[in-house]
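J.: The structure under discussion is supplied below as structure tokens; questions concerning it will follow.
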Amino acid sequence: MRPLKHGYTNRTLGDGAVVKKTYEGPDAELRLDRERTLLGRLRGRLPVPPVHAADSGTLTLGFMTGAPGQELLDAGHAVEVLEACGKLLRRIHGVGVHDEGRVLVHGDYGPNNVLLDPATFQVTAVVDWEFAHLGDPVEDLAWCEWIVRMHHPEHRRALDGFFHAYGGDVLPWPARQGAMLARCESLREFCHRWEPNGPGVTLWRERAVTTAGWQE
């Protein structure tokens, strides 16, 4: 098996038939169990990989075809990718029972965790559900916007298509920026628990400063 590209929190290996994801860092077993359980519930309702096994801190998943969204963004297909992300996110937020306005939040939503057919731009899979929870839709909407602003700033204008495809009124900038900053802080805390005052803590502190300085 070979390491897969774009893995950040965990060690992920694949051979074209299965993907083995070994969880690292704080709450590794909890994150594994959350993703395993949720993927089982979502199978057949959303494009997610099948679970084959879970043992010794490793989740074995079926391999899903498709190109990572961030690669297609870099190849010049921002409009198509972000419209597909918007439509898919509306589906995710429509799954299950909503409690007092809360929805199923992916927790790390963006083109980085969406696979698409590079010819049709149809979504083939959404992956990495370890941070999923019930929450406010703005968490996913804002984080997808953050991913584009931080890692693909040249495609910011294509975010209009993302919000339009999701549907409804776009939340005001202060609410979106606030959700971005809250997520940056949670990731800083995650890194601090993993390696106190390590490079991850510094990275997320710097990213929070950058995010706070953005204008709509």
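Ligands are numbered from 1 in the order shown, residues from 1 within each chain, and chains are lettered A, B, ... in the order they appear in the structure tokens.
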Quick one: DSSP strand (DSSP E) residues in region 25-210 of chain A, as a PyMOL selection string?
T.: chain A and resi 51-55+58-62+67-68+103-105+114-116+123-126+133-135
J.: For the contact check between region 77-134 of chain A and region 42-62 of chain A, emit one row per residue of region 77-134 of chain A within 9 Å, containing the shortest atom pair and the distance in Å rounded to one decimal, counting only C-alpha atoms, chain then rising number order, as a Markdown table.
T.:
| residue | atom | partner | partner_atom | distance |
| --- | --- | --- | --- | --- |
| A:Leu88 | CA | A:Leu46 | CA | 8.6 |
| A:Arg91 | CA | A:Leu46 | CA | 7.7 |
| A:Ile92 | CA | A:Leu46 | CA | 7.4 |
| A:Val95 | CA | A:Arg45 | CA | 8.0 |
| A:Val123 | CA | A:Pro47 | CA | 7.4 |
| A:Thr124 | CA | A:Pro47 | CA | 6.0 |
| A:Ala125 | CA | A:Pro47 | CA | 4.6 |
| A:Val126 | CA | A:Val48 | CA | 5.6 |
| A:Val127 | CA | A:Val48 | CA | 6.4 |
J.: Grab the residues selected above and save them as a short mmCIF file (atom, residue, chain, number, x, y, z; two decimals), in the first residue's frame with C-alpha atoms.
T.:
data_model
loop_
_atom_site.label_atom_id
_atom_site.label_comp_id
_atom_site.auth_asym_id
_atom_site.auth_seq_id
_atom_site.Cartn_x
_atom_site.Cartn_y
_atom_site.Cartn_z
CA LEU A 88 -23.65 18.31 -1.91
CA ARG A 91 -27.80 17.27 0.84
CA ILE A 92 -25.59 16.68 3.88
CA VAL A 95 -29.90 14.26 6.33
CA VAL A 123 -19.43 14.04 -6.73
CA THR A 124 -18.23 10.47 -6.25
CA ALA A 125 -17.50 10.67 -2.50
CA VAL A 126 -17.22 12.92 0.51
CA VAL A 127 -14.61 11.65 2.96
#
J.: Choose the residue, out of A:Pro26, A:Pro196, A:Pro153, A:Gly94, that has the smallest atom-to-atom separation from Leu73 (chain A); count only C-alpha atoms.
T.: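 Comparing A:Pro26, A:Pro196, A:Pro153, A:Gly94 against Leu73 (chain A), the winner is A:Pro153.
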J.: Need the shell around region 111-122 of chain A: protein/DNA/RNA residues with any atom at most 6 Å away, counting only C-alpha atoms. Skip same-chain ones fewer than 4 positions apart. Format as number ranges by chain?
T.: A: 66-70, 126-127
J.: Find the distance between CA of Arg36 (chain A) and CA of Tyr23 (chain A) and write it in Å to one decimal.
T.: 11.9 Å
J.: List as a PyMOL selection string the protein and nucleic acid residues near Phe63 (chain A), meaning an atom at most 7 Å away when only C-alpha atoms are counted, but skip any in the same chain fewer than 5 places from it.
T.: chain A and resi 16-19+49
J.: Write down as a PyMOL selection string the residues of chain A whose backbone DSSP state falls under alpha helix (DSSP H).
T.: chain A and resi 28-42+69-74+78-93+137-151+159-166+173-194+199-212
J.: To one decimal in Å, tell me the separation between CA of Asn10 (chain A) and CA of Arg34 (chain A).
T.: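 Interatomic distance, CA of Asn10 (chain A) to CA of Arg34 (chain A): 14.7 Å.
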J.: Excluding Trp173 (chain A) and any residue of its chain fewer than 3 positions from it, enumerate the residues within 10 Å of it, using only C-alpha atoms, and give them as a list in words.
T.: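 Here the answer would be Ala142, Val170, Arg176, Gln177, Gly178, Ala179, Gln215 and Glu216 of chain A.
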J.: Save the residues we just selected, N, CA and C atoms, as a PDB file, in the first residue's frame?
T.:
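Once written, result31.pdb looks like this:
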ATOM      1  N   ALA A 142     -18.959  28.204   6.216  1.00  0.00           N
ATOM      2  CA  ALA A 142     -17.824  29.094   6.451  1.00  0.00           C
ATOM      3  C   ALA A 142     -16.498  28.375   6.239  1.00  0.00           C
ATOM      4  N   VAL A 170     -27.353  34.093   1.884  1.00  0.00           N
ATOM      5  CA  VAL A 170     -25.992  33.968   2.381  1.00  0.00           C
ATOM      6  C   VAL A 170     -25.903  34.685   3.730  1.00  0.00           C
ATOM      7  N   ARG A 176     -19.971  34.398   9.255  1.00  0.00           N
ATOM      8  CA  ARG A 176     -19.087  33.446   8.576  1.00  0.00           C
ATOM      9  C   ARG A 176     -17.665  33.563   9.110  1.00  0.00           C
ATOM     10  N   GLN A 177     -17.173  34.778   9.265  1.00  0.00           N
ATOM     11  CA  GLN A 177     -15.817  34.964   9.781  1.00  0.00           C
ATOM     12  C   GLN A 177     -15.719  34.461  11.216  1.00  0.00           C
ATOM     13  N   GLY A 178     -16.760  34.680  12.006  1.00  0.00           N
ATOM     14  CA  GLY A 178     -16.760  34.177  13.375  1.00  0.00           C
ATOM     15  C   GLY A 178     -16.662  32.674  13.429  1.00  0.00           C
ATOM     16  N   ALA A 179     -17.374  31.989  12.524  1.00  0.00           N
ATOM     17  CA  ALA A 179     -17.308  30.531  12.480  1.00  0.00           C
ATOM     18  C   ALA A 179     -15.919  30.061  12.048  1.00  0.00           C
ATOM     19  N   GLN A 215     -11.365  40.784   4.773  1.00  0.00           N
ATOM     20  CA  GLN A 215     -12.573  41.573   4.524  1.00  0.00           C
ATOM     21  C   GLN A 215     -13.467  40.773   3.577  1.00  0.00           C
ATOM     22  N   GLU A 216     -14.763  41.044   3.656  1.00  0.00           N
ATOM     23  CA  GLU A 216     -15.673  40.288   2.794  1.00  0.00           C
ATOM     24  C   GLU A 216     -15.386  40.543   1.323  1.00  0.00           C
TER      25      GLU A 216
END
J.: Tell me which of A:Glu80, A:Asp136, A:Asp128, A:Asp99 sits closest to Arg31 (chain A), counting only C-alpha atoms.
T.: A:Asp128
J.: At a cut-off of 12 Å, using only C-alpha atoms, what residues contact Gly213 (chain A)? Leave out same-chain residues fewer than 5 positions from it and give the result as a short mmCIF file (atom, residue, chain, number, x, y, z; two decimals) with N, CA, C and O atoms, in the first residue's frame.
T.:
data_model
loop_
_atom_site.label_atom_id
_atom_site.label_comp_id
_atom_site.auth_asym_id
_atom_site.auth_seq_id
_atom_site.Cartn_x
_atom_site.Cartn_y
_atom_site.Cartn_z
N ARG A 149 -10.43 30.59 0.51
CA ARG A 149 -9.72 31.84 0.77
C ARG A 149 -8.26 31.61 1.18
O ARG A 149 -7.36 32.36 0.78
N MET A 150 -8.04 30.57 2.01
CA MET A 150 -6.69 30.34 2.53
C MET A 150 -5.79 29.65 1.52
O MET A 150 -4.61 30.02 1.35
N PRO A 174 -19.87 38.78 9.14
CA PRO A 174 -19.41 38.59 10.53
C PRO A 174 -19.72 37.20 11.07
O PRO A 174 -18.90 36.64 11.82
N GLN A 177 -17.17 34.78 9.27
CA GLN A 177 -15.82 34.96 9.78
C GLN A 177 -15.72 34.46 11.22
O GLN A 177 -14.71 33.85 11.60
N GLY A 178 -16.76 34.68 12.01
CA GLY A 178 -16.76 34.18 13.38
C GLY A 178 -16.66 32.67 13.43
O GLY A 178 -15.95 32.11 14.27
N MET A 180 -15.30 30.78 11.13
CA MET A 180 -13.93 30.45 10.71
C MET A 180 -12.97 30.56 11.88
O MET A 180 -12.13 29.67 12.11
N LEU A 181 -13.08 31.65 12.63
CA LEU A 181 -12.17 31.86 13.75
C LEU A 181 -12.39 30.83 14.85
O LEU A 181 -11.43 30.37 15.48
N GLU A 206 -1.28 31.59 13.74
CA GLU A 206 -0.98 32.50 12.63
C GLU A 206 -2.15 32.54 11.64
O GLU A 206 -2.50 33.60 11.11
N ARG A 207 -2.76 31.38 11.40
CA ARG A 207 -3.89 31.34 10.47
C ARG A 207 -5.09 32.11 11.04
O ARG A 207 -5.85 32.74 10.28
N ALA A 208 -5.28 32.07 12.34
CA ALA A 208 -6.35 32.84 12.95
C ALA A 208 -6.12 34.34 12.76
O ALA A 208 -7.07 35.09 12.47
#
J.: Measure the distance from CA of Asp74 (chain A) to CA of Ala158 (chain A) in Å and round it to one decimal.
T.: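 So the answer is 12.7 Å.
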J.: My list of candidates is A:Trp194, A:Pro172, A:Trp204, A:Trp129. Which is closest to Gly40 (chain A) when distances are computed with only C-alpha atoms?
T.: A:Trp129
J.: When distances are computed from only C-alpha atoms, which of A:Met64, A:Cys85, A:Cys191, A:Leu104 shows the smallest separation from Gly161 (chain A)?
T.: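 The shortest atom-to-atom distance to Gly161 (chain A) comes from A:Cys85.
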